[in-house]
file protein.pdb (PDB, C-alpha atoms)
ATOM      1  CA  MET A  16     -63.323 -47.756 -90.730
ATOM      2  CA  SER A  17     -62.820 -46.221 -94.150
ATOM      3  CA  CYS A  18     -60.282 -45.139 -96.688
ATOM      4  CA  ASP A  19     -60.635 -42.543 -99.408
ATOM      5  CA  SER A  20     -58.017 -42.659-102.147
ATOM      6  CA  ARG A  21     -57.861 -40.077-104.954
ATOM      7  CA  ASP A  22     -56.281 -40.658-108.331
ATOM      8  CA  SER A  23     -57.030 -38.822-111.604
ATOM      9  CA  GLY A  24     -60.506 -37.837-110.454
ATOM     10  CA  ASN A  25     -61.390 -41.359-109.315
ATOM     11  CA  ILE A  26     -62.220 -42.286-105.733
ATOM     12  CA  GLN A  27     -62.340 -45.493-103.748
ATOM     13  CA  LEU A  28     -64.309 -45.853-100.522
ATOM     14  CA  ASN A  29     -63.981 -48.727 -98.059
ATOM     15  CA  GLY A  30     -65.956 -49.563 -94.932
ATOM     16  CA  LYS A  31     -67.715 -52.198 -92.877
ATOM     17  CA  THR A  32     -71.356 -53.219 -92.870
ATOM     18  CA  MET A  33     -73.555 -56.295 -92.338
ATOM     19  CA  GLY A  34     -70.709 -58.246 -90.762
ATOM     20  CA  THR A  35     -68.571 -57.818 -93.858
ATOM     21  CA  THR A  36     -66.870 -55.063 -95.873
ATOM     22  CA  TYR A  37     -67.797 -52.794 -98.731
ATOM     23  CA  LEU A  38     -65.752 -51.394-101.596
ATOM     24  CA  ILE A  39     -66.984 -48.573-103.805
ATOM     25  CA  LYS A  40     -65.214 -47.091-106.806
ATOM     26  CA  VAL A  41     -66.449 -43.991-108.588
ATOM     27  CA  ILE A  42     -64.787 -43.000-111.868
ATOM     28  CA  ASP A  43     -64.525 -39.345-113.007
ATOM     29  CA  PHE A  44     -65.657 -38.191-109.592
ATOM     30  CA  ASP A  45     -66.688 -34.536-109.534
ATOM     31  CA  ARG A  46     -65.979 -32.954-106.150
ATOM     32  CA  HIS A  47     -68.033 -29.911-107.077
ATOM     33  CA  ILE A  48     -71.164 -32.072-106.843
ATOM     34  CA  ILE A  49     -70.342 -33.689-103.486
ATOM     35  CA  SER A  50     -67.125 -34.351-101.573
ATOM     36  CA  SER A  51     -65.941 -37.914-101.125
ATOM     37  CA  ASN A  52     -66.357 -37.599 -97.346
ATOM     38  CA  GLN A  53     -69.936 -36.390 -97.743
ATOM     39  CA  LEU A  54     -70.706 -39.232-100.138
ATOM     40  CA  GLN A  55     -69.340 -41.810 -97.721
ATOM     41  CA  LEU A  56     -71.394 -40.365 -94.871
ATOM     42  CA  LYS A  57     -74.517 -40.687 -97.009
ATOM     43  CA  ILE A  58     -73.574 -44.244 -98.007
ATOM     44  CA  ASP A  59     -73.028 -45.223 -94.369
ATOM     45  CA  SER A  60     -76.359 -43.647 -93.447
ATOM     46  CA  VAL A  61     -78.145 -45.801 -96.059
ATOM     47  CA  LEU A  62     -76.413 -48.936 -94.815
ATOM     48  CA  ILE A  63     -77.181 -48.156 -91.160
ATOM     49  CA  SER A  64     -80.840 -47.678 -92.049
ATOM     50  CA  ILE A  65     -80.988 -51.039 -93.824
ATOM     51  CA  ASN A  66     -79.335 -52.739 -90.859
ATOM     52  CA  GLU A  67     -81.821 -51.152 -88.482
ATOM     53  CA  GLN A  68     -84.580 -52.687 -90.548
ATOM     54  CA  MET A  69     -83.224 -56.140 -91.376
ATOM     55  CA  SER A  70     -80.343 -57.156 -89.106
ATOM     56  CA  THR A  71     -81.095 -60.108 -86.830
ATOM     57  CA  TYR A  72     -78.061 -59.067 -84.759
ATOM     58  CA  ILE A  73     -79.604 -55.740 -83.714
ATOM     59  CA  PRO A  74     -82.118 -56.391 -80.879
ATOM     60  CA  ASP A  75     -84.386 -53.459 -81.750
ATOM     61  CA  SER A  76     -84.306 -53.829 -85.535
ATOM     62  CA  GLU A  77     -87.662 -54.246 -87.257
ATOM     63  CA  ILE A  78     -86.968 -57.895 -88.041
ATOM     64  CA  SER A  79     -85.827 -58.681 -84.483
ATOM     65  CA  ILE A  80     -88.939 -57.103 -82.985
ATOM     66  CA  PHE A  81     -91.096 -59.132 -85.375
ATOM     67  CA  ASN A  82     -89.244 -62.363 -84.616
ATOM     68  CA  ARG A  83     -89.641 -61.942 -80.850
ATOM     69  CA  SER A  84     -93.379 -61.376 -81.113
ATOM     70  CA  SER A  85     -95.750 -64.340 -81.250
ATOM     71  CA  THR A  86     -98.758 -62.511 -82.688
ATOM     72  CA  LYS A  87     -97.941 -58.882 -83.484
ATOM     73  CA  SER A  88     -97.820 -57.741 -87.093
ATOM     74  CA  ILE A  89     -95.610 -54.850 -88.190
ATOM     75  CA  ILE A  90     -95.640 -52.296 -90.993
ATOM     76  CA  PRO A  91     -92.209 -52.747 -92.611
ATOM     77  CA  SER A  92     -90.131 -49.805 -93.756
ATOM     78  CA  LYS A  93     -89.782 -49.227 -97.493
ATOM     79  CA  GLU A  94     -86.620 -51.267 -98.082
ATOM     80  CA  PHE A  95     -87.709 -54.085 -95.786
ATOM     81  CA  LEU A  96     -91.059 -54.304 -97.563
ATOM     82  CA  SER A  97     -89.340 -54.538-100.959
ATOM     83  CA  VAL A  98     -87.221 -57.425 -99.669
ATOM     84  CA  LEU A  99     -90.302 -59.193 -98.295
ATOM     85  CA  GLU A 100     -92.256 -58.731-101.520
ATOM     86  CA  PHE A 101     -89.369 -60.093-103.567
ATOM     87  CA  SER A 102     -88.922 -63.000-101.121
ATOM     88  CA  GLU A 103     -92.600 -63.842-101.420
ATOM     89  CA  ALA A 104     -92.451 -63.843-105.222
ATOM     90  CA  LEU A 105     -89.236 -65.889-105.356
ATOM     91  CA  ALA A 106     -90.575 -68.411-102.846
ATOM     92  CA  ASN A 107     -93.668 -68.867-105.004
ATOM     93  CA  SER A 108     -91.723 -69.214-108.263
ATOM     94  CA  THR A 109     -89.317 -71.777-106.764
ATOM     95  CA  SER A 110     -92.007 -73.897-105.074
ATOM     96  CA  GLY A 111     -90.686 -72.848-101.686
ATOM     97  CA  LEU A 112     -87.024 -73.719-102.239
ATOM     98  CA  PHE A 113     -86.142 -70.086-101.577
ATOM     99  CA  ASP A 114     -87.297 -69.587 -98.014
ATOM    100  CA  ILE A 115     -86.563 -66.745 -95.574
ATOM    101  CA  THR A 116     -87.759 -68.870 -92.621
ATOM    102  CA  VAL A 117     -84.812 -71.307 -92.671
ATOM    103  CA  GLY A 118     -82.797 -69.256 -90.144
ATOM    104  CA  PRO A 119     -83.740 -71.533 -87.203
ATOM    105  CA  LEU A 120     -82.568 -74.535 -89.242
ATOM    106  CA  ILE A 121     -79.220 -72.847 -89.834
ATOM    107  CA  GLN A 122     -78.986 -72.258 -86.078
ATOM    108  CA  LEU A 123     -79.981 -75.855 -85.312
ATOM    109  CA  TRP A 124     -77.233 -77.125 -87.569
ATOM    110  CA  GLY A 125     -74.733 -74.866 -85.789
ATOM    111  CA  PHE A 126     -73.774 -72.549 -88.654
ATOM    112  CA  SER A 127     -74.468 -69.402 -86.641
ATOM    113  CA  ASN A 128     -72.673 -70.651 -83.525
ATOM    114  CA  TYR A 129     -69.506 -72.515 -84.361
ATOM    115  CA  ASN A 130     -68.390 -75.246 -82.005
ATOM    116  CA  ASP A 131     -65.324 -77.491 -82.183
ATOM    117  CA  GLU A 132     -67.443 -80.354 -80.828
ATOM    118  CA  TRP A 133     -69.936 -80.038 -83.685
ATOM    119  CA  LEU A 134     -72.460 -82.817 -84.235
ATOM    120  CA  PRO A 135     -75.332 -82.970 -86.739
ATOM    121  CA  PRO A 136     -78.766 -82.587 -85.149
ATOM    122  CA  ASN A 137     -80.970 -85.646 -84.836
ATOM    123  CA  GLU A 138     -84.044 -86.374 -86.926
ATOM    124  CA  VAL A 139     -86.470 -85.534 -84.115
ATOM    125  CA  GLU A 140     -84.999 -82.044 -83.727
ATOM    126  CA  ILE A 141     -85.178 -81.457 -87.489
ATOM    127  CA  SER A 142     -88.744 -82.741 -87.744
ATOM    128  CA  GLU A 143     -90.010 -80.591 -84.876
ATOM    129  CA  LEU A 144     -88.441 -77.465 -86.357
ATOM    130  CA  LEU A 145     -89.844 -78.119 -89.830
ATOM    131  CA  ASP A 146     -93.315 -77.518 -88.388
ATOM    132  CA  HIS A 147     -92.368 -73.818 -88.155
ATOM    133  CA  ILE A 148     -90.551 -73.508 -91.503
ATOM    134  CA  GLY A 149     -92.080 -72.609 -94.844
ATOM    135  CA  ARG A 150     -93.741 -70.025 -97.051
ATOM    136  CA  ASP A 151     -97.131 -70.493 -95.365
ATOM    137  CA  THR A 152     -95.820 -69.452 -91.931
ATOM    138  CA  TRP A 153     -95.848 -65.728 -92.769
ATOM    139  CA  GLY A 154     -97.717 -63.317 -94.967
ATOM    140  CA  LEU A 155     -98.011 -59.786 -96.301
ATOM    141  CA  VAL A 156    -101.512 -58.393 -95.874
ATOM    142  CA  GLU A 157    -102.214 -54.806 -96.972
ATOM    143  CA  GLY A 158     -98.578 -53.837 -96.453
ATOM    144  CA  LYS A 159     -98.301 -55.506 -93.048
ATOM    145  CA  LEU A 160     -95.977 -58.394 -92.192
ATOM    146  CA  GLN A 161     -97.726 -60.989 -90.063
ATOM    147  CA  LYS A 162     -97.103 -64.411 -88.573
ATOM    148  CA  ASN A 163     -99.288 -67.340 -89.511
ATOM    149  CA  ASN A 164     -97.249 -69.492 -87.142
ATOM    150  CA  PRO A 165     -96.335 -67.945 -83.748
ATOM    151  CA  TYR A 166     -92.995 -69.793 -83.616
ATOM    152  CA  MET A 167     -91.701 -68.879 -87.056
ATOM    153  CA  GLN A 168     -88.678 -66.619 -87.571
ATOM    154  CA  ILE A 169     -87.505 -64.790 -90.661
ATOM    155  CA  ASP A 170     -83.987 -64.011 -91.815
ATOM    156  CA  VAL A 171     -83.368 -62.048 -95.022
ATOM    157  CA  ASN A 172     -79.572 -62.274 -95.008
ATOM    158  CA  ALA A 173     -79.725 -64.137 -98.328
ATOM    159  CA  ILE A 174     -80.818 -60.944-100.106
ATOM    160  CA  ALA A 175     -80.171 -58.044 -97.713
ATOM    161  CA  LYS A 176     -76.665 -57.473 -99.073
ATOM    162  CA  GLY A 177     -78.046 -57.401-102.581
ATOM    163  CA  LEU A 178     -80.663 -54.857-101.555
ATOM    164  CA  ALA A 179     -77.934 -52.775 -99.905
ATOM    165  CA  VAL A 180     -75.840 -52.822-103.090
ATOM    166  CA  ASP A 181     -78.859 -51.603-105.049
ATOM    167  CA  ALA A 182     -79.628 -48.869-102.524
ATOM    168  CA  VAL A 183     -76.059 -47.540-102.537
ATOM    169  CA  SER A 184     -75.963 -47.707-106.336
ATOM    170  CA  SER A 185     -79.169 -45.673-106.525
ATOM    171  CA  LEU A 186     -77.670 -43.110-104.151
ATOM    172  CA  ILE A 187     -74.532 -42.707-106.267
ATOM    173  CA  THR A 188     -76.617 -42.462-109.440
ATOM    174  CA  SER A 189     -78.738 -39.716-107.857
ATOM    175  CA  PHE A 190     -75.670 -37.454-107.838
ATOM    176  CA  GLY A 191     -75.204 -37.920-111.566
ATOM    177  CA  PHE A 192     -72.329 -40.424-111.531
ATOM    178  CA  SER A 193     -72.623 -43.152-114.149
ATOM    179  CA  ASN A 194     -69.305 -45.014-113.964
ATOM    180  CA  PHE A 195     -68.946 -46.834-110.654
ATOM    181  CA  MET A 196     -68.821 -50.168-108.876
ATOM    182  CA  VAL A 197     -70.456 -51.088-105.553
ATOM    183  CA  GLU A 198     -69.419 -54.306-103.810
ATOM    184  CA  ILE A 199     -70.661 -55.574-100.443
ATOM    185  CA  GLY A 200     -69.419 -58.927 -99.207
ATOM    186  CA  GLY A 201     -68.845 -60.195-102.747
ATOM    187  CA  GLU A 202     -72.161 -59.018-104.200
ATOM    188  CA  VAL A 203     -71.640 -56.345-106.825
ATOM    189  CA  TYR A 204     -73.285 -53.826-109.143
ATOM    190  CA  CYS A 205     -71.293 -52.212-111.951
ATOM    191  CA  SER A 206     -72.364 -49.116-113.838
ATOM    192  CA  GLY A 207     -70.778 -47.780-117.024
ATOM    193  CA  LYS A 208     -67.055 -48.361-117.388
ATOM    194  CA  ASN A 209     -63.995 -48.610-115.153
ATOM    195  CA  ASP A 210     -60.912 -46.396-114.999
ATOM    196  CA  LYS A 211     -59.571 -48.004-118.208
ATOM    197  CA  SER A 212     -62.772 -47.075-120.073
ATOM    198  CA  ILE A 213     -63.782 -50.714-120.490
ATOM    199  CA  PHE A 214     -66.494 -52.815-118.865
ATOM    200  CA  TRP A 215     -65.873 -53.824-115.267
ATOM    201  CA  GLN A 216     -64.103 -57.154-114.833
ATOM    202  CA  ILE A 217     -65.323 -59.235-111.880
ATOM    203  CA  GLY A 218     -63.802 -62.565-110.882
ATOM    204  CA  ILE A 219     -65.825 -65.724-110.215
ATOM    205  CA  GLU A 220     -64.190 -68.002-107.664
ATOM    206  CA  LEU A 221     -63.831 -71.749-107.839
ATOM    207  CA  PRO A 222     -65.789 -73.282-104.931
ATOM    208  CA  ASP A 223     -62.647 -74.734-103.398
ATOM    209  CA  PHE A 224     -62.669 -75.538 -99.676
ATOM    210  CA  GLU A 225     -58.908 -75.046 -99.313
ATOM    211  CA  SER A 226     -57.858 -72.171-101.548
ATOM    212  CA  ARG A 227     -59.096 -69.142-103.446
ATOM    213  CA  SER A 228     -58.643 -69.165-107.200
ATOM    214  CA  LEU A 229     -60.647 -67.816-110.111
ATOM    215  CA  SER A 230     -62.764 -69.928-112.420
ATOM    216  CA  LYS A 231     -63.867 -67.198-114.829
ATOM    217  CA  ILE A 232     -63.880 -63.417-115.209
ATOM    218  CA  ALA A 233     -67.099 -61.642-116.090
ATOM    219  CA  ASN A 234     -67.304 -58.426-118.120
ATOM    220  CA  ILE A 235     -70.303 -56.460-116.869
ATOM    221  CA  SER A 236     -71.800 -52.996-117.214
ATOM    222  CA  ASP A 237     -75.125 -51.788-115.841
ATOM    223  CA  ARG A 238     -75.582 -55.228-114.323
ATOM    224  CA  ALA A 239     -75.361 -56.888-110.920
ATOM    225  CA  MET A 240     -73.644 -60.152-110.081
ATOM    226  CA  ALA A 241     -73.947 -62.367-107.009
ATOM    227  CA  THR A 242     -72.602 -65.781-106.084
ATOM    228  CA  SER A 243     -73.906 -68.318-103.609
ATOM    229  CA  GLY A 244     -71.635 -71.196-102.621
ATOM    230  CA  ASP A 245     -71.227 -74.070-100.198
ATOM    231  CA  TYR A 246     -67.495 -73.598 -99.665
ATOM    232  CA  ARG A 247     -67.067 -70.775 -97.117
ATOM    233  CA  ASN A 248     -69.418 -71.904 -94.348
ATOM    234  CA  TYR A 249     -69.444 -75.625 -93.668
ATOM    235  CA  PHE A 250     -68.726 -78.407 -91.195
ATOM    236  CA  SER A 251     -67.122 -81.805 -91.681
ATOM    237  CA  TYR A 252     -68.170 -84.834 -89.658
ATOM    238  CA  SER A 253     -67.282 -88.521 -90.110
ATOM    239  CA  GLY A 254     -65.814 -87.831 -93.531
ATOM    240  CA  LYS A 255     -68.863 -85.901 -94.793
ATOM    241  CA  THR A 256     -69.103 -82.161 -95.476
ATOM    242  CA  TYR A 257     -72.238 -80.243 -94.478
ATOM    243  CA  SER A 258     -72.980 -76.901 -96.164
ATOM    244  CA  HIS A 259     -74.879 -73.995 -94.595
ATOM    245  CA  ILE A 260     -77.177 -73.922 -97.639
ATOM    246  CA  MET A 261     -80.414 -75.486 -96.395
ATOM    247  CA  ASN A 262     -83.106 -77.391 -98.253
ATOM    248  CA  PRO A 263     -86.259 -76.094 -96.524
ATOM    249  CA  LYS A 264     -88.179 -79.200 -97.563
ATOM    250  CA  SER A 265     -85.870 -81.714 -95.873
ATOM    251  CA  GLY A 266     -84.498 -79.491 -93.127
ATOM    252  CA  ARG A 267     -81.017 -80.629 -94.072
ATOM    253  CA  PRO A 268     -78.051 -79.080 -95.925
ATOM    254  CA  ILE A 269     -78.031 -79.557 -99.689
ATOM    255  CA  GLU A 270     -76.556 -82.895-100.745
ATOM    256  CA  HIS A 271     -76.150 -82.578-104.521
ATOM    257  CA  SER A 272     -72.922 -81.807-106.367
ATOM    258  CA  LEU A 273     -73.698 -78.183-107.257
ATOM    259  CA  ALA A 274     -71.191 -76.135-105.260
ATOM    260  CA  SER A 275     -71.703 -72.556-106.466
ATOM    261  CA  ALA A 276     -74.148 -70.499-108.471
ATOM    262  CA  THR A 277     -73.326 -67.105-109.969
ATOM    263  CA  VAL A 278     -76.160 -64.970-111.310
ATOM    264  CA  ILE A 279     -76.075 -61.829-113.454
ATOM    265  CA  SER A 280     -79.202 -59.692-113.380
ATOM    266  CA  SER A 281     -80.461 -56.125-113.530
ATOM    267  CA  THR A 282     -80.481 -55.723-109.731
ATOM    268  CA  CYS A 283     -78.277 -57.181-107.057
ATOM    269  CA  MET A 284     -81.204 -58.174-104.824
ATOM    270  CA  LYS A 285     -82.555 -60.295-107.656
ATOM    271  CA  ALA A 286     -79.138 -61.803-108.421
ATOM    272  CA  ASP A 287     -78.507 -62.482-104.727
ATOM    273  CA  GLY A 288     -81.818 -64.218-104.095
ATOM    274  CA  ILE A 289     -81.828 -66.244-107.298
ATOM    275  CA  ALA A 290     -78.241 -67.443-106.707
ATOM    276  CA  THR A 291     -79.309 -68.830-103.327
ATOM    277  CA  ALA A 292     -82.376 -70.467-104.851
ATOM    278  CA  LEU A 293     -80.355 -72.080-107.658
ATOM    279  CA  LEU A 294     -77.880 -73.580-105.225
ATOM    280  CA  THR A 295     -80.757 -75.198-103.375
ATOM    281  CA  MET A 296     -82.218 -76.645-106.608
ATOM    282  CA  GLY A 297     -79.223 -78.435-108.085
ATOM    283  CA  THR A 298     -77.788 -78.083-111.585
ATOM    284  CA  ASN A 299     -80.510 -79.368-113.916
ATOM    285  CA  ASP A 300     -83.403 -77.637-112.173
ATOM    286  CA  ALA A 301     -81.334 -74.444-111.815
ATOM    287  CA  LEU A 302     -80.600 -74.263-115.541
ATOM    288  CA  GLY A 303     -84.250 -74.923-116.323
ATOM    289  CA  PHE A 304     -85.350 -72.177-113.960
ATOM    290  CA  ILE A 305     -83.012 -69.614-115.550
ATOM    291  CA  GLU A 306     -84.022 -70.489-119.105
ATOM    292  CA  ASN A 307     -87.647 -69.856-118.140
ATOM    293  CA  ASN A 308     -86.879 -66.452-116.598
ATOM    294  CA  SER A 309     -85.793 -63.633-118.878
ATOM    295  CA  GLY A 310     -83.216 -61.066-117.817
ATOM    296  CA  VAL A 311     -81.101 -63.394-115.702
ATOM    297  CA  GLU A 312     -78.146 -65.620-116.577
ATOM    298  CA  CYS A 313     -76.147 -68.058-114.477
ATOM    299  CA  LEU A 314     -72.885 -69.926-114.231
ATOM    300  CA  LEU A 315     -72.965 -73.103-112.149
ATOM    301  CA  ILE A 316     -69.985 -75.064-110.838
ATOM    302  CA  GLU A 317     -70.292 -78.675-109.721
ATOM    303  CA  ARG A 318     -67.805 -80.459-107.488
ATOM    304  CA  VAL A 319     -66.779 -83.754-109.090
ATOM    305  CA  GLU A 320     -64.259 -86.522-108.342
ATOM    306  CA  ASN A 321     -60.699 -85.969-107.155
ATOM    307  CA  GLY A 322     -61.164 -82.300-106.278
ATOM    308  CA  ASN A 323     -62.116 -81.303-109.795
ATOM    309  CA  PHE A 324     -64.950 -79.061-110.990
ATOM    310  CA  LYS A 325     -67.377 -78.973-113.885
ATOM    311  CA  THR A 326     -68.920 -75.759-115.183
ATOM    312  CA  PHE A 327     -72.369 -75.196-116.690
ATOM    313  CA  MET A 328     -73.791 -71.968-118.112
ATOM    314  CA  SER A 329     -77.182 -70.682-119.136
ATOM    315  CA  SER A 330     -77.568 -69.870-122.826
ATOM    316  CA  GLY A 331     -76.776 -66.173-122.440
ATOM    317  CA  PHE A 332     -74.033 -66.192-119.811
ATOM    318  CA  GLY A 333     -71.187 -66.596-122.295
ATOM    319  CA  GLU A 334     -71.627 -63.065-123.638
ATOM    320  CA  PHE A 335     -70.494 -61.724-120.248
ATOM    321  CA  LEU A 336     -67.294 -63.774-120.044
ATOM    322  CA  LEU A 337     -63.885 -62.252-120.661
ATOM    323  CA  GLU A 338     -62.218 -64.073-123.560
TER     324      GLU A 338
END
call {"tool": "encode", "arguments": {"input": "protein.pdb", "output": "structure tokens"}}
result
Amino acid sequence: MSCDSRDSGNIQLNGKTMGTTYLIKVIDFDRHIISSNQLQLKIDSVLISINEQMSTYIPDSEISIFNRSSTKSIIPSKEFLSVLEFSEALANSTSGLFDITVGPLIQLWGFSNYNDEWLPPNEVEISELLDHIGRDTWGLVEGKLQKNNPYMQIDVNAIAKGLAVDAVSSLITSFGFSNFMVEIGGEVYCSGKNDKSIFWQIGIELPDFESRSLSKIANISDRAMATSGDYRNYFSYSGKTYSHIMNPKSGRPIEHSLASATVISSTCMKADGIATALLTMGTNDALGFIENNSGVECLLIERVENGNFKTFMSSGFGEFLLE
């Protein structure tokens, strides 16, 4: 489950969570404050707690209990409430393009249950499901999560990993460590400097269906970075590729040429959610959104002819790139 390596006062912790893996590096680790084993136990405890709140794969998680109920409202735990409040704000600022109710659409399109005989759903199925999708199907009233539509379902996977990165980062900071990196499933927060006493260097992948190669390398410190892409979870049918990134307005996968969106922000939850929203928007609207929101920067990669790519950046993203 985990590995603890020690070198010159630095530690590296590895484990599994949220259906993926985590990697944590702490520089100048002081074992007089806490042992590496104790720190990992505390980290795992935080991650287990978040899963028990927000995992749709755990039958008795808070979100699963809410989804099964047709009328009952719940009082979310602290972390779950913060995710819901952020989701509500991001949905409002993106005119509903960021939407935590699209989970049933993802299921309808088969992205949560892979099948070799995959076929796109028909228009009737999409239309019927759209009646239960959207920002107006749920609400937060005096700290309670409630359904406005008895058939709606919520899924916060688009930002739960980001929230988890932030929670683990806060835990590590609470012990006085200021030089560390926390990565969960590709979403990352970097604090201070790495073991070479320089800013952390994080790769940004090309959104290539066939291979893994880097497009750029970002230099970040006291920042989070998250990427959303169409290239790791998709189906092909009759010569057309269908991404798992859903447009909640049409009920269909995105169809524009934007293939990945990388966001740098102060928190990983914010970077995670905004990256998903940008990918739904498309390039021009995504760049406009970022320029109108301070404290966030983005790098966008479009898929163009003959397997090539075209890169776009917000006005401030270049300062984070490794020369």
call {"tool": "residues_around", "arguments": {"input": "protein.pdb", "residues": "Gly154 of chain A", "least_positions_apart": "4", "cutoff": "12 Å", "atoms": "only C-alpha atoms", "output": "VMD selection string"}}
result
chain A and resid 88 to 90 96 99 to 100 102 to 104 106 115 to 116 149 to 150 158 to 164 167 169
call {"tool": "residues_around", "arguments": {"input": "protein.pdb", "residues": "Phe44 of chain A", "least_positions_apart": "6", "cutoff": "8 Å", "atoms": "only C-alpha atoms", "output": "MDAnalysis selection string"}}
result
chainID A and resid 24:26 192
call {"tool": "residues_around", "arguments": {"input": "protein.pdb", "residues": "segment 297-305 of chain A", "least_positions_apart": "2", "cutoff": "7 Å", "atoms": "all atoms listed in the file", "output": "PyMOL selection string"}}
result
chain A and resi 271+273+293-295+307-308+311-312+315+329
call {"tool": "residues_around", "arguments": {"input": "protein.pdb", "residues": "Ile260 of chain A", "least_positions_apart": "6", "cutoff": "8 Å", "atoms": "all atoms listed in the file", "output": "list in words"}}
result
Gly244, Asp245, Pro268, Ile269, Thr291, Leu294 and Thr295 of chain A
call {"tool": "write_last_selection", "arguments": {"input": "protein.pdb", "atoms": "C-alpha atoms", "output": "CSV table (one decimal), in the coordinates of the input"}}
result
chain,number,residue,atom,x,y,z
A,244,GLY,CA,-71.6,-71.2,-102.6
A,245,ASP,CA,-71.2,-74.1,-100.2
A,268,PRO,CA,-78.1,-79.1,-95.9
A,269,ILE,CA,-78.0,-79.6,-99.7
A,291,THR,CA,-79.3,-68.8,-103.3
A,294,LEU,CA,-77.9,-73.6,-105.2
A,295,THR,CA,-80.8,-75.2,-103.4
call {"tool": "residues_around", "arguments": {"input": "protein.pdb", "residues": "segment 231-241 of chain A", "least_positions_apart": "2", "cutoff": "9 Å", "atoms": "all atoms listed in the file", "output": "count of residues only"}}
result
44
call {"tool": "atom_distance", "arguments": {"input": "protein.pdb", "atom1": "atom CA of Ser51 of chain A", "atom2": "atom CA of Ala179 of chain A"}}
result
19.1 Å
call {"tool": "atom_distance", "arguments": {"input": "protein.pdb", "atom1": "atom CA of Val98 of chain A", "atom2": "atom CA of Lys31 of chain A"}}
result
21.3 Å
call {"tool": "atom_distance", "arguments": {"input": "protein.pdb", "atom1": "atom CA of Asn262 of chain A", "atom2": "atom CA of Leu112 of chain A"}}
result
6.7 Å
call {"tool": "closest_residue", "arguments": {"input": "protein.pdb", "among": "A:Ile78, A:Leu178, A:Leu105, A:Asn172", "to": "Leu62 of chain A", "atoms": "all atoms listed in the file"}}
result
A:Leu178
